Every structure is written in structure tokens, then in C-alpha cells.
>>> print(open('my_file.cif').read())   # mmCIF, C-alpha atoms and all ligand atoms
data_input
#
loop_
_atom_site.group_PDB
_atom_site.id
_atom_site.type_symbol
_atom_site.label_atom_id
_atom_site.label_comp_id
_atom_site.auth_asym_id
_atom_site.auth_seq_id
_atom_site.Cartn_x
_atom_site.Cartn_y
_atom_site.Cartn_z
ATOM 1 C CA MET A 1 -30.766 -18.804 15.294
ATOM 2 C CA ALA A 2 -31.719 -19.505 11.683
ATOM 3 C CA ILE A 3 -29.499 -17.939 9.035
ATOM 4 C CA LYS A 4 -31.448 -15.442 6.933
ATOM 5 C CA PRO A 5 -30.660 -14.097 3.489
ATOM 6 C CA VAL A 6 -29.448 -10.500 3.564
ATOM 7 C CA ILE A 7 -29.407 -10.113 -0.244
ATOM 8 C CA GLU A 8 -31.625 -11.999 -2.678
ATOM 9 C CA MET A 9 -30.915 -10.936 -6.239
ATOM 10 C CA ASN A 10 -33.179 -12.613 -8.775
ATOM 11 C CA LYS A 11 -32.561 -12.451 -12.556
ATOM 12 C CA VAL A 12 -31.346 -8.863 -12.446
ATOM 13 C CA SER A 13 -30.390 -7.050 -15.650
ATOM 14 C CA LYS A 14 -29.327 -3.458 -16.040
ATOM 15 C CA ILE A 15 -29.345 -2.182 -19.594
ATOM 16 C CA TYR A 16 -27.907 1.217 -20.511
ATOM 17 C CA GLY A 17 -28.524 2.940 -23.839
ATOM 18 C CA GLY A 18 -31.433 3.043 -26.332
ATOM 19 C CA LYS A 19 -34.315 0.583 -26.681
ATOM 20 C CA THR A 20 -32.634 -1.406 -29.429
ATOM 21 C CA GLU A 21 -29.407 0.322 -30.476
ATOM 22 C CA ASN A 22 -26.171 0.754 -28.529
ATOM 23 C CA GLN A 23 -27.455 -1.288 -25.623
ATOM 24 C CA VAL A 24 -24.966 -2.141 -22.890
ATOM 25 C CA PHE A 25 -25.896 -5.009 -20.587
ATOM 26 C CA ALA A 26 -24.047 -3.740 -17.510
ATOM 27 C CA LEU A 27 -25.712 -6.627 -15.640
ATOM 28 C CA ASN A 28 -27.115 -9.626 -17.471
ATOM 29 C CA ASP A 29 -29.442 -12.062 -15.674
ATOM 30 C CA VAL A 30 -27.617 -11.974 -12.353
ATOM 31 C CA SER A 31 -28.950 -14.104 -9.484
ATOM 32 C CA PHE A 32 -27.337 -14.806 -6.131
ATOM 33 C CA THR A 33 -28.185 -15.049 -2.455
ATOM 34 C CA MET A 34 -26.022 -13.680 0.320
ATOM 35 C CA GLN A 35 -26.640 -15.092 3.796
ATOM 36 C CA GLU A 36 -26.469 -13.024 6.954
ATOM 37 C CA GLY A 37 -22.906 -12.914 8.277
ATOM 38 C CA GLU A 38 -21.163 -13.495 4.940
ATOM 39 C CA PHE A 39 -18.254 -11.344 3.747
ATOM 40 C CA ILE A 40 -18.495 -11.324 -0.032
ATOM 41 C CA GLY A 41 -16.070 -9.828 -2.546
ATOM 42 C CA ILE A 42 -17.082 -8.871 -6.088
ATOM 43 C CA MET A 43 -14.223 -9.129 -8.581
ATOM 44 C CA GLY A 44 -13.954 -8.609 -12.324
ATOM 45 C CA ALA A 45 -12.138 -6.638 -15.007
ATOM 46 C CA SER A 46 -12.747 -2.928 -15.576
ATOM 47 C CA GLY A 47 -16.202 -2.412 -17.101
ATOM 48 C CA SER A 48 -17.458 -5.883 -16.092
ATOM 49 C CA GLY A 49 -20.356 -4.487 -14.015
ATOM 50 C CA LYS A 50 -19.049 -4.456 -10.420
ATOM 51 C CA THR A 51 -20.075 -0.899 -9.595
ATOM 52 C CA THR A 52 -23.443 -1.361 -11.290
ATOM 53 C CA LEU A 53 -24.067 -4.422 -9.122
ATOM 54 C CA LEU A 54 -23.125 -2.501 -5.984
ATOM 55 C CA ASN A 55 -25.283 0.476 -7.016
ATOM 56 C CA VAL A 56 -28.280 -1.781 -7.581
ATOM 57 C CA VAL A 57 -27.830 -3.402 -4.151
ATOM 58 C CA SER A 58 -27.319 -0.018 -2.486
ATOM 59 C CA THR A 59 -30.579 1.262 -4.075
ATOM 60 C CA LEU A 60 -28.724 4.052 -5.916
ATOM 61 C CA ASP A 61 -29.537 2.470 -9.275
ATOM 62 C CA HIS A 62 -32.716 0.720 -10.420
ATOM 63 C CA PRO A 63 -32.484 -2.592 -12.324
ATOM 64 C CA THR A 64 -34.078 -2.806 -15.775
ATOM 65 C CA GLU A 65 -35.324 -6.312 -14.973
ATOM 66 C CA GLY A 66 -35.458 -8.623 -11.981
ATOM 67 C CA THR A 67 -35.879 -8.128 -8.236
ATOM 68 C CA VAL A 68 -33.576 -7.359 -5.325
ATOM 69 C CA ALA A 69 -34.510 -7.967 -1.697
ATOM 70 C CA ILE A 70 -32.370 -6.701 1.192
ATOM 71 C CA ALA A 71 -33.019 -8.319 4.577
ATOM 72 C CA GLY A 72 -36.394 -9.520 3.281
ATOM 73 C CA THR A 73 -37.526 -6.163 1.812
ATOM 74 C CA ASP A 74 -38.009 -5.921 -1.959
ATOM 75 C CA ILE A 75 -36.203 -2.671 -2.790
ATOM 76 C CA THR A 76 -37.205 -2.735 -6.459
ATOM 77 C CA ARG A 77 -40.789 -1.852 -5.483
ATOM 78 C CA MET A 78 -39.964 1.020 -3.149
ATOM 79 C CA LYS A 79 -40.596 4.709 -3.867
ATOM 80 C CA ALA A 80 -37.777 7.280 -3.774
ATOM 81 C CA ARG A 81 -38.608 8.576 -0.280
ATOM 82 C CA GLU A 82 -38.847 5.055 1.186
ATOM 83 C CA LEU A 83 -35.566 4.190 -0.486
ATOM 84 C CA SER A 84 -33.653 7.067 1.072
ATOM 85 C CA ASP A 85 -34.970 6.128 4.546
ATOM 86 C CA PHE A 86 -34.100 2.491 3.887
ATOM 87 C CA ARG A 87 -30.573 3.454 2.801
ATOM 88 C CA ALA A 88 -30.050 5.660 5.848
ATOM 89 C CA GLN A 89 -31.298 3.083 8.351
ATOM 90 C CA ARG A 90 -30.355 -0.307 6.939
ATOM 91 C CA LEU A 91 -27.176 0.220 4.885
ATOM 92 C CA GLY A 92 -23.636 1.321 5.729
ATOM 93 C CA PHE A 93 -21.069 2.499 3.184
ATOM 94 C CA ILE A 94 -17.268 2.530 3.119
ATOM 95 C CA PHE A 95 -15.865 4.385 0.128
ATOM 96 C CA GLN A 96 -12.389 4.841 -1.280
ATOM 97 C CA GLU A 97 -12.603 8.537 -0.421
ATOM 98 C CA PHE A 98 -13.513 8.735 3.218
ATOM 99 C CA ASN A 99 -16.118 11.489 2.692
ATOM 100 C CA LEU A 100 -15.616 12.860 6.209
ATOM 101 C CA LEU A 101 -16.851 16.384 6.877
ATOM 102 C CA ASP A 102 -13.843 18.593 7.651
ATOM 103 C CA ASN A 103 -15.655 21.023 9.941
ATOM 104 C CA LEU A 104 -17.032 18.272 12.191
ATOM 105 C CA THR A 105 -14.993 16.411 14.831
ATOM 106 C CA VAL A 106 -14.408 12.654 14.693
ATOM 107 C CA TYR A 107 -17.238 12.229 17.220
ATOM 108 C CA GLU A 108 -19.622 14.422 15.207
ATOM 109 C CA ASN A 109 -18.775 12.677 11.946
ATOM 110 C CA VAL A 110 -19.489 9.273 13.452
ATOM 111 C CA ALA A 111 -22.686 10.520 15.114
ATOM 112 C CA LEU A 112 -24.069 11.887 11.851
ATOM 113 C CA PRO A 113 -26.120 8.834 10.731
ATOM 114 C CA LEU A 114 -27.760 8.731 14.193
ATOM 115 C CA SER A 115 -28.430 12.478 14.363
ATOM 116 C CA LEU A 116 -30.342 12.129 11.106
ATOM 117 C CA GLN A 117 -32.574 9.535 12.799
ATOM 118 C CA ASP A 118 -33.724 11.793 15.663
ATOM 119 C CA LEU A 119 -32.456 9.465 18.407
ATOM 120 C CA PRO A 120 -32.225 10.738 22.025
ATOM 121 C CA VAL A 121 -28.814 12.330 22.752
ATOM 122 C CA HIS A 122 -27.838 9.815 25.472
ATOM 123 C CA GLN A 123 -28.448 6.940 23.053
ATOM 124 C CA ILE A 124 -26.307 8.637 20.417
ATOM 125 C CA MET A 125 -23.487 9.236 22.916
ATOM 126 C CA ASP A 126 -23.666 5.642 24.057
ATOM 127 C CA ARG A 127 -23.521 4.110 20.586
ATOM 128 C CA VAL A 128 -20.863 6.472 19.234
ATOM 129 C CA GLY A 129 -18.739 5.882 22.338
ATOM 130 C CA LYS A 130 -18.925 2.112 21.858
ATOM 131 C CA VAL A 131 -18.041 2.186 18.194
ATOM 132 C CA LEU A 132 -15.115 4.598 18.723
ATOM 133 C CA GLU A 133 -13.772 2.195 21.374
ATOM 134 C CA GLN A 134 -14.234 -0.764 19.064
ATOM 135 C CA LEU A 135 -12.223 0.874 16.305
ATOM 136 C CA GLY A 136 -9.552 2.157 18.663
ATOM 137 C CA ILE A 137 -10.138 5.863 18.031
ATOM 138 C CA ALA A 138 -11.899 6.930 21.270
ATOM 139 C CA GLU A 139 -9.058 9.305 22.153
ATOM 140 C CA LEU A 140 -9.509 11.118 18.832
ATOM 141 C CA ALA A 141 -13.171 12.000 19.463
ATOM 142 C CA ASP A 142 -12.593 15.774 19.642
ATOM 143 C CA LYS A 143 -10.086 16.017 16.802
ATOM 144 C CA TYR A 144 -10.862 17.225 13.291
ATOM 145 C CA PRO A 145 -10.232 14.995 10.243
ATOM 146 C CA ALA A 146 -7.441 17.251 8.934
ATOM 147 C CA THR A 147 -5.415 16.667 12.111
ATOM 148 C CA ILE A 148 -5.424 12.841 12.146
ATOM 149 C CA SER A 149 -3.645 10.237 9.980
ATOM 150 C CA GLY A 150 -5.034 8.555 6.854
ATOM 151 C CA GLY A 151 -5.511 5.275 8.703
ATOM 152 C CA GLN A 152 -7.322 7.051 11.544
ATOM 153 C CA ARG A 153 -9.551 8.827 9.016
ATOM 154 C CA GLN A 154 -10.365 5.483 7.426
ATOM 155 C CA ARG A 155 -11.256 4.044 10.848
ATOM 156 C CA THR A 156 -13.464 7.058 11.515
ATOM 157 C CA ALA A 157 -15.219 6.383 8.201
ATOM 158 C CA ALA A 158 -15.624 2.714 9.177
ATOM 159 C CA ALA A 159 -17.076 3.742 12.564
ATOM 160 C CA ARG A 160 -19.575 6.022 10.832
ATOM 161 C CA ALA A 161 -20.523 3.203 8.438
ATOM 162 C CA ILE A 162 -21.510 0.826 11.256
ATOM 163 C CA VAL A 163 -22.705 3.126 14.066
ATOM 164 C CA HIS A 164 -26.389 2.682 13.129
ATOM 165 C CA GLU A 165 -25.977 -1.122 13.054
ATOM 166 C CA PRO A 166 -26.822 -1.587 9.377
ATOM 167 C CA ALA A 167 -28.154 -4.872 8.015
ATOM 168 C CA LEU A 168 -25.476 -4.683 5.329
ATOM 169 C CA LEU A 169 -22.125 -2.925 4.980
ATOM 170 C CA LEU A 170 -21.158 -2.023 1.407
ATOM 171 C CA GLY A 171 -17.642 -1.156 0.248
ATOM 172 C CA ASP A 172 -16.468 0.137 -3.123
ATOM 173 C CA GLU A 173 -12.704 -0.428 -3.285
ATOM 174 C CA PRO A 174 -12.480 0.557 0.404
ATOM 175 C CA THR A 175 -8.716 -0.003 0.525
ATOM 176 C CA GLY A 176 -8.109 1.682 -2.847
ATOM 177 C CA SER A 177 -6.456 4.824 -1.554
ATOM 178 C CA LEU A 178 -4.597 3.296 1.410
ATOM 179 C CA ASP A 179 -0.959 2.212 1.708
ATOM 180 C CA THR A 180 -0.323 -1.460 2.535
ATOM 181 C CA LYS A 181 -0.161 -0.964 6.313
ATOM 182 C CA ASN A 182 -3.438 0.954 6.512
ATOM 183 C CA ALA A 183 -5.114 -1.362 3.992
ATOM 184 C CA VAL A 184 -4.253 -4.364 6.169
ATOM 185 C CA GLY A 185 -5.505 -2.442 9.232
ATOM 186 C CA LEU A 186 -8.857 -1.732 7.615
ATOM 187 C CA LEU A 187 -9.242 -5.285 6.276
ATOM 188 C CA GLU A 188 -8.505 -6.693 9.741
ATOM 189 C CA GLN A 189 -11.146 -4.347 11.196
ATOM 190 C CA MET A 190 -13.693 -5.426 8.606
ATOM 191 C CA LYS A 191 -12.893 -9.067 9.323
ATOM 192 C CA ARG A 192 -13.411 -8.502 13.056
ATOM 193 C CA LEU A 193 -16.724 -6.707 12.479
ATOM 194 C CA ASN A 194 -17.798 -9.588 10.290
ATOM 195 C CA GLU A 195 -16.681 -12.407 12.569
ATOM 196 C CA GLN A 196 -17.373 -10.918 15.999
ATOM 197 C CA GLN A 197 -20.510 -8.914 15.257
ATOM 198 C CA GLN A 198 -21.832 -10.902 12.311
ATOM 199 C CA ILE A 199 -22.012 -7.754 10.178
ATOM 200 C CA SER A 200 -22.695 -8.799 6.573
ATOM 201 C CA ILE A 201 -20.259 -7.161 4.150
ATOM 202 C CA LEU A 202 -20.338 -6.858 0.358
ATOM 203 C CA MET A 203 -17.203 -5.301 -1.120
ATOM 204 C CA VAL A 204 -16.104 -4.541 -4.667
ATOM 205 C CA THR A 205 -12.371 -4.920 -5.177
ATOM 206 C CA HIS A 206 -9.942 -5.515 -8.022
ATOM 207 C CA ASP A 207 -7.255 -6.477 -5.536
ATOM 208 C CA ALA A 208 -6.710 -10.192 -4.789
ATOM 209 C CA PHE A 209 -5.027 -9.438 -1.469
ATOM 210 C CA SER A 210 -8.076 -7.504 -0.182
ATOM 211 C CA ALA A 211 -10.392 -10.151 -1.602
ATOM 212 C CA SER A 212 -8.573 -12.878 0.352
ATOM 213 C CA TYR A 213 -10.165 -11.494 3.551
ATOM 214 C CA CYS A 214 -13.628 -12.420 2.247
ATOM 215 C CA SER A 215 -15.478 -15.676 2.867
ATOM 216 C CA ARG A 216 -16.723 -15.871 -0.723
ATOM 217 C CA ILE A 217 -15.835 -14.209 -4.039
ATOM 218 C CA LEU A 218 -18.200 -13.672 -6.951
ATOM 219 C CA PHE A 219 -16.445 -13.159 -10.281
ATOM 220 C CA ILE A 220 -18.242 -11.041 -12.855
ATOM 221 C CA GLN A 221 -17.490 -10.801 -16.580
ATOM 222 C CA ASP A 222 -19.466 -8.773 -19.154
ATOM 223 C CA GLY A 223 -22.300 -8.314 -16.661
ATOM 224 C CA ARG A 224 -22.656 -12.028 -15.838
ATOM 225 C CA LEU A 225 -21.630 -13.950 -12.753
ATOM 226 C CA VAL A 226 -19.191 -16.483 -14.147
ATOM 227 C CA GLN A 227 -17.689 -18.137 -11.084
ATOM 228 C CA GLU A 228 -17.723 -18.175 -7.313
ATOM 229 C CA LEU A 229 -15.120 -19.225 -4.835
ATOM 230 C CA TYR A 230 -15.640 -20.102 -1.172
ATOM 231 C CA ARG A 231 -12.828 -19.756 1.301
ATOM 232 C CA LEU A 232 -12.275 -23.137 2.901
ATOM 233 C CA GLY A 233 -8.746 -22.983 4.293
ATOM 234 C CA SER A 234 -6.255 -20.282 5.222
ATOM 235 C CA ARG A 235 -6.317 -16.741 3.865
ATOM 236 C CA GLU A 236 -2.970 -17.353 2.158
ATOM 237 C CA ALA A 237 -4.330 -20.400 0.294
ATOM 238 C CA PHE A 238 -7.453 -18.443 -0.671
ATOM 239 C CA TYR A 239 -5.293 -15.599 -2.000
ATOM 240 C CA LYS A 240 -3.474 -18.000 -4.355
ATOM 241 C CA GLN A 241 -6.770 -19.548 -5.431
ATOM 242 C CA ILE A 242 -8.162 -16.102 -6.281
ATOM 243 C CA LEU A 243 -5.051 -15.258 -8.308
ATOM 244 C CA ASN A 244 -5.449 -18.508 -10.223
ATOM 245 C CA VAL A 245 -9.071 -17.697 -11.107
ATOM 246 C CA LEU A 246 -8.104 -14.168 -12.157
ATOM 247 C CA GLY A 247 -5.417 -15.780 -14.292
ATOM 248 C CA ASP A 248 -8.116 -17.723 -16.134
ATOM 249 C CA TYR A 249 -9.794 -14.505 -17.257
ATOM 250 C CA GLY A 250 -7.679 -12.985 -19.981
ATOM 251 C CA ALA A 251 -4.046 -12.248 -20.598
ATOM 252 C CA ALA A 252 -4.044 -8.896 -18.817
ATOM 253 C CA ALA A 253 -5.411 -10.416 -15.649
ATOM 254 C CA ALA A 254 -2.917 -13.274 -15.931
ATOM 255 C CA GLU A 255 -0.039 -10.844 -16.195
ATOM 256 C CA ALA A 256 -1.207 -8.973 -13.104
ATOM 257 C CA ALA A 257 -1.704 -12.288 -11.298
ATOM 258 C CA ALA A 258 1.827 -13.447 -12.176
ATOM 259 C CA LYS A 259 3.260 -10.229 -10.760
ATOM 260 C CA GLU A 260 1.238 -10.624 -7.580
ATOM 261 C CA LEU A 261 2.143 -14.303 -7.287
ATOM 262 C CA SER A 262 5.816 -13.416 -7.257
ATOM 263 C CA ALA A 263 5.110 -11.013 -4.387
ATOM 264 C CA VAL A 264 2.952 -13.498 -2.505
ATOM 265 C CA GLU A 265 5.685 -14.603 -0.119
ATOM 266 C CA ASP A 266 6.286 -10.993 0.941
ATOM 267 C CA ARG A 267 2.712 -9.964 1.503
ATOM 268 C CA GLY A 268 0.614 -13.112 1.943
HETATM 269 N N1 LIG A 301 -24.522 5.568 -16.878
HETATM 270 C C1 LIG A 301 -24.083 4.713 -17.816
HETATM 271 N N2 LIG A 301 -24.467 4.852 -19.110
HETATM 272 C C2 LIG A 301 -24.050 3.990 -20.052
HETATM 273 N N3 LIG A 301 -23.237 2.923 -19.816
HETATM 274 C C3 LIG A 301 -22.817 2.750 -18.556
HETATM 275 C C4 LIG A 301 -23.211 3.622 -17.486
HETATM 276 N N4 LIG A 301 -22.633 3.178 -16.335
HETATM 277 C C5 LIG A 301 -21.912 2.083 -16.673
HETATM 278 N N5 LIG A 301 -22.016 1.829 -17.996
HETATM 279 C C6 LIG A 301 -21.396 0.699 -18.711
HETATM 280 O O1 LIG A 301 -21.782 -0.495 -18.056
HETATM 281 C C7 LIG A 301 -20.683 -1.398 -18.003
HETATM 282 C C8 LIG A 301 -20.382 -1.779 -16.543
HETATM 283 O O2 LIG A 301 -19.879 -0.626 -15.849
HETATM 284 P P1 LIG A 301 -19.418 -0.668 -14.322
HETATM 285 O O3 LIG A 301 -19.092 0.718 -13.929
HETATM 286 O O4 LIG A 301 -20.453 -1.375 -13.531
HETATM 287 O O5 LIG A 301 -18.113 -1.569 -14.399
HETATM 288 P P2 LIG A 301 -16.992 -1.858 -13.283
HETATM 289 O O6 LIG A 301 -16.739 -3.312 -13.300
HETATM 290 O O7 LIG A 301 -17.389 -1.235 -11.991
HETATM 291 O O8 LIG A 301 -15.734 -1.078 -13.879
HETATM 292 P P3 LIG A 301 -14.466 -0.389 -13.132
HETATM 293 O O9 LIG A 301 -13.701 -1.480 -12.449
HETATM 294 O O10 LIG A 301 -13.703 0.218 -14.269
HETATM 295 O O11 LIG A 301 -15.042 0.643 -12.186
HETATM 296 C C9 LIG A 301 -19.525 -0.717 -18.720
HETATM 297 O O12 LIG A 301 -19.521 -1.175 -20.052
HETATM 298 C C10 LIG A 301 -19.883 0.744 -18.642
HETATM 299 O O13 LIG A 301 -19.318 1.444 -19.730
#
>>> encode(input="my_file.cif", output="C-alpha cells")
Amino acid sequence: MAIKPVIEMNKVSKIYGGKTENQVFALNDVSFTMQEGEFIGIMGASGSGKTTLLNVVSTLDHPTEGTVAIAGTDITRMKARELSDFRAQRLGFIFQEFNLLDNLTVYENVALPLSLQDLPVHQIMDRVGKVLEQLGIAELADKYPATISGGQRQRTAAARAIVHEPALLLGDEPTGSLDTKNAVGLLEQMKRLNEQQQISILMVTHDAFSASYCSRILFIQDGRLVQELYRLGSREAFYKQILNVLGDYGAAAAEAAAKELSAVEDRG
């Protein structure tokens, strides 16, 4: 099977502010292609444009210039209504806050993206059942979010993000609010989804440890892509490589990298 691009971003700029004064180039002439089955991490300092990039890809924000195609569809030409259907059917999201609905069970939360698509009930039951099994939470189907652990809530959120088999899974600091054990659990799950089901994942993270699970990292600085790193060897080696690159970008990043490097033997 031929590998197809899942994201084609071509000369994208996003400018905030007035026509001439106080302009902020949140993204500045950004181009990259993501192939189906990649697991890409976006890294960069605070204010470098990571969230803007993710928002443009997720169709929540419109670029000032340039084009973005997702799975062959140019989203920069779509109307609002088409965009919301496209988002619901083709994209999956994992956020730092799990955004589960408290008055729905685990099963109902996971079924939500399918219920919105008017699928027959037996098809919904079948797909939800499979994805709950996959994420090891089948026995929690009838429980409510308030009665399960943080890690289980995060897995429920992950199940909901993939139940409709999106072309692309997007994460904004998905491990941000998790302790180390649950963060590793979620990253392992994402890695499995990526490797075993070829789900394409784009994730924003400031954390080198999380980023080391990716197959490629794009580094962004002042709205520009400044470097990319492919994982060639082990995750541990990739982690050190990422820390070294972060170390190249400013004293603050270097300080954080040095701290992390000293902890590398413990966590890596
Ligand atoms: N709605 C907006 N109006 C004006 N400027 C904005 C707006 N949103 C973002 N910016 C600016 O665009 C730049 C990029 O912001 P963005 O949120 O993409 O950065 P980030 O890398 O995600 O930062 P962080 O890691 O702190 O979340 C920043 O200078 C920010 O102040």
C-alpha cells in the first residue's frame, strides 16, 4: 500500500494584530508534510506557535496565508459547516483536561462521537466494545467518570478520541496533567495505536520524555520551523538527542535540559 500524506502544510502564516502595527507572526511561512502512520511531536518554547499550529491543523483556526490539506482535503477552502463535519468525522482529539461528561458512563462517553454520526446502534456497540477492550477498560463501561482513576479517565478519553477511526489524532500536551506512571501508560497506548493500527498522531509537548515516544520531532521558534529530528535508534537515545536540541535553543531551555539529563538514568 502506498504511503499517503495525512498533513500537507504549504507556506502557512498566521498573523495576529492590526494590518501593519503590532503584528505577531504566530506562524511564519511554515511548510511540512506528515505521512500516514507517523507520530510527530511539536516542540518549542512558550509562545513559539505550537498551539497555533495545532489549531490550524485541527481547523479551529484559519491561516492568514498558505494552504493546509488533511488526508488530501484542502481545509483552508472549506465553509464553517463543512469544517465541523470534517472535524467530527476525520479528526480525534486528546486534551490535557479529559473533557469527559460527568453524567454519562464510560461507555456513553466513548460512544458520543458515533452517536453524533447517526450510526446504527449495533455498529456503535460493536465499535465501542472493541475500543474499550483495546484500551483495557471494558470492565468500566457502566461506571461514571467520577468513580474511576485519573489514568482510567485518560484511557476513556483516548478511547473516545479514536472510536470513529479518525484520519489523524491530535494531542495538546496530552500527558500534561498526569503523574509519571499514568503519563507512561498513555504514551505506551498512543505508541501501540500508532504502530499496530497505523493511526497518525500529531502531538504538542514541551516535555522531552513524552516527545521521545514520537517518530519525528518538529522544533518551532518564533513561528518558524527551525529543525526536525527523526528517531533512528532507541527511545532512550532519541530522548538524549531531543534534550541536546532543546539545549541549543536558549539558556532557559538548556537549564531545563541539564536538569532532565541528570534524571535521565532514572526515567529513560
Ligand atoms: N488570539 C491571539 N491574539 C493575538 N496574539 C496571539 C493570539 N494567540 C496567540 N497569539 C500570539 O501568537 C504567538 C504564538 O502563540 P501560541 O499560543 O501558538 O504559542 P505556544 O507555543 O503554544 O505557547 P505555550 O507553550 O505557552 O502554550 C504568541 O506570541 C502569542 O502571544
>>> resolve_selection(input="my_file.cif", expression="the PyMOL selection byres (((not hetatm)) within 8 of (chain A and resi 301))", output="list of chain:residue names")
A:Ile15, A:Tyr16, A:Gly17, A:Val24, A:Phe25, A:Ala26, A:Leu27, A:Met43, A:Gly44, A:Ala45, A:Ser46, A:Gly47, A:Ser48, A:Gly49, A:Lys50, A:Thr51, A:Thr52, A:Leu53, A:His206, A:Ile220, A:Asp222, A:Gly223
>>> residues_around(input="my_file.cif", residues="Glu36 of chain A", least_positions_apart="4", cutoff="12 Å", atoms="only C-alpha atoms", output="list of chain:residue names")
A:Met1, A:Ala2, A:Ile3, A:Lys4, A:Pro5, A:Val6, A:Ile7, A:Glu8, A:Ile40, A:Ile70, A:Ala71, A:Gly72, A:Pro166, A:Ala167, A:Leu168, A:Leu169, A:Asn194, A:Glu195, A:Gln197, A:Gln198, A:Ile199, A:Ser200, A:Ile201, A:Leu202
>>> residues_around(input="my_file.cif", residues="His62 of chain A", least_positions_apart="6", cutoff="10 Å", atoms="all atoms listed in the file", output="ChimeraX atom specification")
/A:12-14,52,55-56,68,75-77
>>> residues_around(input="my_file.cif", residues="Phe219 of chain A", least_positions_apart="6", cutoff="9 Å", atoms="only C-alpha atoms", output="PyMOL selection string")
chain A and resi 41-44+225-229+245-246
>>> atom_distance(input="my_file.cif", atom1="atom CA of Leu112 of chain A", atom2="atom CA of Arg153 of chain A")
15.1 Å
>>> resolve_selection(input="my_file.cif", expression="the PyMOL selection byres (((chain A and resi 124-140) around 7) and not hetatm)", output="number ranges by chain")
A: 106, 110-111, 114, 119-123, 141-143, 155, 159, 163
>>> closest_residue(input="my_file.cif", among="A:Arg235, A:Lys11, A:Arg160, A:Lys181", to="Thr64 of chain A", atoms="only C-alpha atoms")
A:Lys11
>>> axis_aligned_box(input="my_file.cif", around="segment 47-54 of chain A", padding_each_side="4 Å", output="AutoDock Vina command-line options")
--center_x -20.1 --center_y -3.4 --center_z -11.5 --size_x 15.9 --size_y 13.0 --size_z 19.1
>>> atom_distance(input="my_file.cif", atom1="atom CA of Lys19 of chain A", atom2="atom CA of Met78 of chain A")
24.2 Å
>>> closest_residue(input="my_file.cif", among="A:Gly18, A:Gly233, A:Gly66, A:Pro145", to="Asn109 of chain A", atoms="all atoms listed in the file")
A:Pro145
>>> closest_residue(input="my_file.cif", among="A:Thr59, A:Gln221, A:Gln117, A:Thr156", to="Leu101 of chain A", atoms="all atoms listed in the file")
A:Thr156
